[in-house]
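K.L.:
Structure provided below as structure tokens; questions to follow.
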Amino acid sequence: EVHPVPLQSVVPDAGDPIVVGFSQLGSESKWREANTASIVEAAKEAGIQLHLQNAEQSQKRQFAAIRSFVAQQVDVIVIAPVIQTGWDAILQEVKQAGIPVIMLDRAVEVTDSSLYVTLIGPDFYEEGVKAAKYVIDKMRNHEGPVRIAELAGTVGSTPSIDRGRGFRDTIASQTDLVIAQSMPADFTTTQGEVVMSQFLSGPKEQWPDVLFAHNDDMAIGALKAIEQAGLKPGEDIIIVSVDGTRKAFEQMVAGKINAVVECNPLLGPQLVQAVSEIMAGRMLPKRMVPPEDIFTQEMAASELESRKY
Ligand code: AHR
């Protein structure tokens with residue numbers, strides 16, 4: 001599917017740098033730090049003038065940033081939206097101003113899909129599917145019901161919603177796999193530890209066999225709580241998380257995390273390419289998904305050195 005770019009914004013004056021306003025949703029995780037760095041670096045290399053505003057998890061702050069970009073009449077607005085809903089009115093304002101919008105990383109639910117040109121971001125549903133397939137295979141010889149604990153991400157965010165759905169849809173046919181505990185931990189290490197210790201505060205029979213963490217930072221926080229409870233992460237509790245940060249690879253090498261589903265934050269080059277296409281008046285696909293893998297403990301050591309984030 002392609003989407004025509006509003007024409008009034010595609011003809012820059014010769015010699016002027018392209019100006020991009022970028023509303024980043026926050027700095028909650030290693031993934032997010034890598035994502036911001038990738039965009040800053042790619043913009044710099046391409047000679048794009050980047051106006052970056054960090055919303056620190058607040059949709060309201062994102063609205064304020066977007067309005068300031070409109071007031072500055074930037075050429076393109078890039079939004080990494082903290083949650084999925086509530087974007088129609090602000091995107092209508094941007095459309096009225098004739099500024100093309102690129103959604104980055106997370107998706108939005110809007111009634112009019114012409115409100116943005118393209119979404120450049122990972123397939124979070126597929127990430128949930130991959131995590132579930134790993135768990136099904138890993139636990140195939142486990143006797144009795146397998147109790148799964150889930151550390152979910154930010155409530156209402158696409159990665160949390162879609163990873164949760166992908167995981168649940170995939171285990172649905174496996175009657176012995178049960179999600180026994182599930183709580184949001186905001187994609188942060190601190191909350192990962194807090195919520196995991198809550199999961200382990202009940203009687204031992206209720207402790208999980210498997211932890212599915214929606215990102216590496218929460219899994220790393222959970223490791224502390226698991227060790228605090230006298231358990232061996234990676235053995236007593238099988239752990240699968242999402243992102244593929246260097247820190248998570250180190251924990252895989254140490255045997256404490258069993259598998260990591262990759263979620264690629266290095267979206268800068270693809271974003272810069274898309275901005276140039278828009279400025280040249282060319283069409284873009286409505287959705288662009290970076291390639292992603294899954295890594296297990298067996299592969300971790302050889303991959304560690306080449307991890308870029
Ligand atoms: O939207 C991508 C997710 O947000 C990453 O998986 C997580 O680490 C980040 O905070």
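We label chains A, B, ... in the order they appear in the structure tokens, count residues from 1 in each chain, and number ligands from 1 in the order shown.
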Collect all residues with atoms no farther than 6 Å from ligand 1, counting only C-alpha atoms and all ligand atoms, and output them as a PyMOL selection string.

P.N.:
chain A and resi 28-29+31-32+105-106+159+187+215+243

K.L.:
Distance table requested - range 132-191 of chain A against range 43-67 of chain A, cut-off 12 Å, only C-alpha atoms: one row per qualifying residue with the closest atom pair and its distance in Å to one decimal, ordered by chain and rising residue number, as a tab-separated table.

P.N.:
```
residue	atom	partner	partner_atom	distance
A:Thr154	CA	A:Gln57	CA	9.0
A:Val155	CA	A:Gln57	CA	11.0
A:Gly156	CA	A:Gln59	CA	11.3
A:Ser157	CA	A:Gln57	CA	10.5
A:Asp186	CA	A:Gln57	CA	9.7
A:Phe187	CA	A:Gln57	CA	11.0
A:Thr188	CA	A:Gln57	CA	11.8
```

K.L.:
Could you please take those selected residues and save C-alpha atoms as a PDB file, in the first residue's frame?

P.N.:
```pdb
ATOM      1  CA  THR A 154       3.838   0.252  29.228  1.00  0.00           C
ATOM      2  CA  VAL A 155       0.051  -0.116  29.414  1.00  0.00           C
ATOM      3  CA  GLY A 156      -1.580   0.875  26.114  1.00  0.00           C
ATOM      4  CA  SER A 157       1.676   0.784  24.111  1.00  0.00           C
ATOM      5  CA  ASP A 186       6.809  -0.120  32.365  1.00  0.00           C
ATOM      6  CA  PHE A 187       9.778  -1.476  30.377  1.00  0.00           C
ATOM      7  CA  THR A 188      12.160  -0.477  33.208  1.00  0.00           C
TER       8      THR A 188
END
```

K.L.:
Applying 7 Å and only C-alpha atoms, which residues near range 298-302 of chain A remain after dropping the ones on its own chain fewer than 4 positions away? List them as a list of chain:residue names.

P.N.:
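Listing them by chain and then by number gives A:Phe249, A:Met252, A:Val253.
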
K.L.:
Tell me which protein, DNA and RNA residues are within 8 Å of Val261 in chain A, counting only C-alpha atoms, leaving out same-chain ones fewer than 3 positions away, and put them as a PyMOL selection string.

P.N.:
chain A and resi 127+130-131+240-244+292-295

K.L.:
Just N, CA and C atoms for this one: save the residues we selected as an mmCIF file, in the first residue's frame.

P.N.:
```
data_model
loop_
_atom_site.group_PDB
_atom_site.id
_atom_site.type_symbol
_atom_site.label_atom_id
_atom_site.label_comp_id
_atom_site.auth_asym_id
_atom_site.auth_seq_id
_atom_site.Cartn_x
_atom_site.Cartn_y
_atom_site.Cartn_z
ATOM 1 N N GLU A 127 7.148 -10.779 17.372
ATOM 2 C CA GLU A 127 8.095 -10.974 18.481
ATOM 3 C C GLU A 127 7.464 -11.827 19.585
ATOM 4 N N LYS A 130 7.393 -15.414 18.415
ATOM 5 C CA LYS A 130 8.717 -16.053 18.511
ATOM 6 C C LYS A 130 9.010 -16.456 19.956
ATOM 7 N N ALA A 131 8.697 -15.567 20.905
ATOM 8 C CA ALA A 131 8.952 -15.864 22.323
ATOM 9 C C ALA A 131 8.149 -17.100 22.732
ATOM 10 N N VAL A 240 12.726 -15.711 28.940
ATOM 11 C CA VAL A 240 12.824 -15.209 27.571
ATOM 12 C C VAL A 240 12.400 -13.742 27.581
ATOM 13 N N SER A 241 13.200 -12.909 26.911
ATOM 14 C CA SER A 241 12.831 -11.491 26.860
ATOM 15 C C SER A 241 12.981 -10.974 25.437
ATOM 16 N N VAL A 242 12.743 -9.693 25.273
ATOM 17 C CA VAL A 242 12.731 -9.091 23.935
ATOM 18 C C VAL A 242 13.654 -7.875 23.907
ATOM 19 N N ASP A 243 14.336 -7.661 22.825
ATOM 20 C CA ASP A 243 15.165 -6.495 22.450
ATOM 21 C C ASP A 243 16.515 -6.957 21.877
ATOM 22 N N GLY A 244 17.345 -7.597 22.740
ATOM 23 C CA GLY A 244 18.663 -8.008 22.253
ATOM 24 C C GLY A 244 19.744 -7.012 22.609
ATOM 25 N N GLU A 292 14.562 -8.946 11.937
ATOM 26 C CA GLU A 292 14.798 -9.301 13.344
ATOM 27 C C GLU A 292 14.953 -10.795 13.519
ATOM 28 N N ASP A 293 15.686 -11.170 14.568
ATOM 29 C CA ASP A 293 16.047 -12.574 14.786
ATOM 30 C C ASP A 293 15.645 -13.025 16.180
ATOM 31 N N ILE A 294 15.982 -14.278 16.520
ATOM 32 C CA ILE A 294 15.879 -14.716 17.916
ATOM 33 C C ILE A 294 17.211 -15.375 18.280
ATOM 34 N N PHE A 295 17.686 -15.113 19.496
ATOM 35 C CA PHE A 295 18.986 -15.641 19.928
ATOM 36 C C PHE A 295 18.814 -16.481 21.183
#
```

K.L.:
CA of Ser182 in chain A and CA of Arg168 in chain A, how far apart in Å?

P.N.:
11.8 Å

K.L.:
So that I can check the surroundings of Ser173 in chain A, please list as a list in words every protein, DNA and RNA residue that reaches within 12 Å of it, counting only C-alpha atoms and ignoring chain neighbours fewer than 5 positions away.

P.N.:
Ala132, Lys133, Ile136, Phe167, Arg168 and Val178 of chain A

K.L.:
Name the residues in contact with Pro269 in chain A at a cut-off of 9 Å, using only C-alpha atoms, excluding same-chain residues fewer than 6 positions from it; report them as a CSV table (one decimal) with N, CA and C atoms, in the first residue's frame.

P.N.:
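And here is the file that came out, around-v9.csv:
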```csv
chain,number,residue,atom,x,y,z
A,38,SER,N,20.7,6.3,17.4
A,38,SER,CA,20.7,5.9,15.9
A,38,SER,C,20.1,7.1,15.1
A,39,ILE,N,19.1,7.7,15.6
A,39,ILE,CA,18.4,8.7,14.8
A,39,ILE,C,19.2,10.0,14.8
A,41,GLU,N,22.4,10.2,15.1
A,41,GLU,CA,23.6,10.0,14.3
A,41,GLU,C,23.3,10.0,12.8
A,42,ALA,N,22.2,9.3,12.4
A,42,ALA,CA,21.9,9.2,11.0
A,42,ALA,C,21.5,10.6,10.5
A,43,ALA,N,20.8,11.4,11.3
A,43,ALA,CA,20.4,12.7,10.8
A,43,ALA,C,21.6,13.6,10.6
```

K.L.:
Point out the residue among A:Ala71, A:Ala149, A:Val260, A:Ile226 with the least atom-to-atom distance to Phe212 in chain A, counting only C-alpha atoms.

P.N.:
A:Ala149

K.L.:
Can you list, as a PDB file with C-alpha atoms, in the first residue's frame, all residues belonging to range 43-265 of chain A that DSSP tags as strand (DSSP E or B)?

P.N.:
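Saved file out.pdb follows:
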```
ATOM      1  CA  GLN A  49      18.614  19.505  11.159  1.00  0.00           C
ATOM      2  CA  LEU A  50      16.947  17.503  13.922  1.00  0.00           C
ATOM      3  CA  HIS A  51      14.763  19.046  16.619  1.00  0.00           C
ATOM      4  CA  LEU A  52      14.480  16.334  19.238  1.00  0.00           C
ATOM      5  CA  GLN A  53      12.110  16.453  22.206  1.00  0.00           C
ATOM      6  CA  ASN A  54      11.914  13.736  24.851  1.00  0.00           C
ATOM      7  CA  VAL A  76       8.736  16.481   8.447  1.00  0.00           C
ATOM      8  CA  ILE A  77       7.461  15.410  11.881  1.00  0.00           C
ATOM      9  CA  VAL A  78       8.551  12.059  13.302  1.00  0.00           C
ATOM     10  CA  ILE A  79       6.644  10.595  16.245  1.00  0.00           C
ATOM     11  CA  VAL A 101       4.259  12.667   9.535  1.00  0.00           C
ATOM     12  CA  ILE A 102       6.327   9.518   9.949  1.00  0.00           C
ATOM     13  CA  MET A 103       5.388   7.173  12.799  1.00  0.00           C
ATOM     14  CA  LEU A 104       8.442   5.491  14.241  1.00  0.00           C
ATOM     15  CA  THR A 118       4.446   5.537   6.859  1.00  0.00           C
ATOM     16  CA  LEU A 119       5.182   3.534   9.989  1.00  0.00           C
ATOM     17  CA  ILE A 120       8.788   2.418  10.372  1.00  0.00           C
ATOM     18  CA  VAL A 146       3.847 -24.851  33.011  1.00  0.00           C
ATOM     19  CA  ARG A 147       3.247 -21.649  34.972  1.00  0.00           C
ATOM     20  CA  ILE A 148       4.269 -18.564  33.016  1.00  0.00           C
ATOM     21  CA  ALA A 149       4.798 -15.119  34.537  1.00  0.00           C
ATOM     22  CA  GLU A 150       4.608 -12.139  32.213  1.00  0.00           C
ATOM     23  CA  LEU A 151       6.248  -8.767  32.791  1.00  0.00           C
ATOM     24  CA  ALA A 152       4.347  -6.537  30.399  1.00  0.00           C
ATOM     25  CA  LEU A 177       0.958 -23.689  29.280  1.00  0.00           C
ATOM     26  CA  VAL A 178      -0.759 -21.152  31.531  1.00  0.00           C
ATOM     27  CA  ILE A 179      -0.066 -17.463  32.043  1.00  0.00           C
ATOM     28  CA  ALA A 180      -0.395 -17.579  35.810  1.00  0.00           C
ATOM     29  CA  GLN A 181       0.817 -14.045  36.563  1.00  0.00           C
ATOM     30  CA  SER A 182       0.894 -10.906  34.432  1.00  0.00           C
ATOM     31  CA  MET A 183       1.592  -7.314  35.381  1.00  0.00           C
ATOM     32  CA  PRO A 184       2.963  -4.210  33.700  1.00  0.00           C
ATOM     33  CA  VAL A 210       8.900 -19.458  32.954  1.00  0.00           C
ATOM     34  CA  LEU A 211       9.267 -15.684  32.785  1.00  0.00           C
ATOM     35  CA  PHE A 212       8.278 -13.856  29.603  1.00  0.00           C
ATOM     36  CA  ALA A 213       9.559 -10.275  29.922  1.00  0.00           C
ATOM     37  CA  PRO A 233      17.536 -17.674  36.892  1.00  0.00           C
ATOM     38  CA  ILE A 237      12.967 -20.186  36.010  1.00  0.00           C
ATOM     39  CA  ILE A 238      13.366 -20.193  32.229  1.00  0.00           C
ATOM     40  CA  ILE A 239      13.612 -16.614  31.001  1.00  0.00           C
ATOM     41  CA  VAL A 240      12.824 -15.209  27.571  1.00  0.00           C
ATOM     42  CA  SER A 241      12.831 -11.491  26.860  1.00  0.00           C
ATOM     43  CA  VAL A 242      12.731  -9.091  23.935  1.00  0.00           C
ATOM     44  CA  ASP A 243      15.165  -6.495  22.450  1.00  0.00           C
ATOM     45  CA  ALA A 259      16.586 -16.602  24.934  1.00  0.00           C
ATOM     46  CA  VAL A 260      16.124 -13.107  23.556  1.00  0.00           C
ATOM     47  CA  VAL A 261      13.858 -12.128  20.697  1.00  0.00           C
ATOM     48  CA  GLU A 262      15.443  -9.314  18.764  1.00  0.00           C
TER      49      GLU A 262
END
```

K.L.:
Give me, as an mmCIF file with N, CA and C atoms, in the first residue's frame, the residues of range 233-278 of chain A that a backbone DSSP run labels alpha helix (DSSP H).

P.N.:
```
data_model
loop_
_atom_site.group_PDB
_atom_site.id
_atom_site.type_symbol
_atom_site.label_atom_id
_atom_site.label_comp_id
_atom_site.auth_asym_id
_atom_site.auth_seq_id
_atom_site.Cartn_x
_atom_site.Cartn_y
_atom_site.Cartn_z
ATOM 1 N N ARG A 246 23.079 -5.571 24.577
ATOM 2 C CA ARG A 246 24.355 -6.181 24.969
ATOM 3 C C ARG A 246 24.263 -6.756 26.395
ATOM 4 N N LYS A 247 23.593 -6.015 27.292
ATOM 5 C CA LYS A 247 23.458 -6.478 28.674
ATOM 6 C C LYS A 247 22.720 -7.811 28.736
ATOM 7 N N ALA A 248 21.697 -7.965 27.916
ATOM 8 C CA ALA A 248 20.936 -9.223 27.914
ATOM 9 C C ALA A 248 21.798 -10.350 27.350
ATOM 10 N N PHE A 249 22.615 -10.021 26.338
ATOM 11 C CA PHE A 249 23.522 -11.037 25.793
ATOM 12 C C PHE A 249 24.514 -11.494 26.862
ATOM 13 N N GLU A 250 25.004 -10.550 27.664
ATOM 14 C CA GLU A 250 25.933 -10.920 28.746
ATOM 15 C C GLU A 250 25.253 -11.883 29.716
ATOM 16 N N GLN A 251 23.991 -11.614 30.012
ATOM 17 C CA GLN A 251 23.257 -12.494 30.939
ATOM 18 C C GLN A 251 22.961 -13.855 30.297
ATOM 19 N N MET A 252 22.822 -13.866 28.975
ATOM 20 C CA MET A 252 22.657 -15.171 28.298
ATOM 21 C C MET A 252 23.948 -15.968 28.398
ATOM 22 N N VAL A 253 25.072 -15.275 28.173
ATOM 23 C CA VAL A 253 26.366 -15.952 28.279
ATOM 24 C C VAL A 253 26.555 -16.496 29.696
ATOM 25 N N GLY A 268 17.559 4.668 12.562
ATOM 26 C CA GLY A 268 18.005 5.953 12.012
ATOM 27 C C GLY A 268 18.196 5.951 10.501
ATOM 28 N N PRO A 269 19.000 5.012 9.959
ATOM 29 C CA PRO A 269 19.241 5.032 8.515
ATOM 30 C C PRO A 269 17.955 4.910 7.686
ATOM 31 N N GLN A 270 17.049 4.020 8.131
ATOM 32 C CA GLN A 270 15.782 3.841 7.394
ATOM 33 C C GLN A 270 14.920 5.109 7.482
ATOM 34 N N LEU A 271 14.971 5.746 8.645
ATOM 35 C CA LEU A 271 14.188 6.973 8.839
ATOM 36 C C LEU A 271 14.697 8.092 7.930
ATOM 37 N N VAL A 272 16.007 8.257 7.915
ATOM 38 C CA VAL A 272 16.609 9.315 7.101
ATOM 39 C C VAL A 272 16.297 9.092 5.613
ATOM 40 N N GLN A 273 16.345 7.830 5.215
ATOM 41 C CA GLN A 273 16.004 7.472 3.840
ATOM 42 C C GLN A 273 14.556 7.875 3.530
ATOM 43 N N ALA A 274 13.660 7.557 4.466
ATOM 44 C CA ALA A 274 12.245 7.870 4.262
ATOM 45 C C ALA A 274 12.031 9.380 4.177
ATOM 46 N N VAL A 275 12.735 10.125 5.030
ATOM 47 C CA VAL A 275 12.613 11.596 5.009
ATOM 48 C C VAL A 275 13.048 12.124 3.635
ATOM 49 N N SER A 276 14.170 11.585 3.127
ATOM 50 C CA SER A 276 14.643 12.063 1.811
ATOM 51 C C SER A 276 13.636 11.730 0.716
ATOM 52 N N GLU A 277 13.043 10.548 0.795
ATOM 53 C CA GLU A 277 12.052 10.158 -0.224
ATOM 54 C C GLU A 277 10.861 11.125 -0.189
ATOM 55 N N ILE A 278 10.426 11.431 1.011
ATOM 56 C CA ILE A 278 9.278 12.341 1.142
ATOM 57 C C ILE A 278 9.632 13.713 0.556
#
```

K.L.:
Check the smallest atom-to-atom distance from each of A:Ala219, A:Ile171, A:Ile257, A:Ile161 to Asp236 in chain A using only C-alpha atoms, then report the winner.

P.N.:
A:Ile257

K.L.:
State, in Å with one decimal place, the distance from CA of Asn35 in chain A to CA of Pro265 in chain A.

P.N.:
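If I compute the distance from CA of Asn35 in chain A to CA of Pro265 in chain A, I get 4.6 Å.
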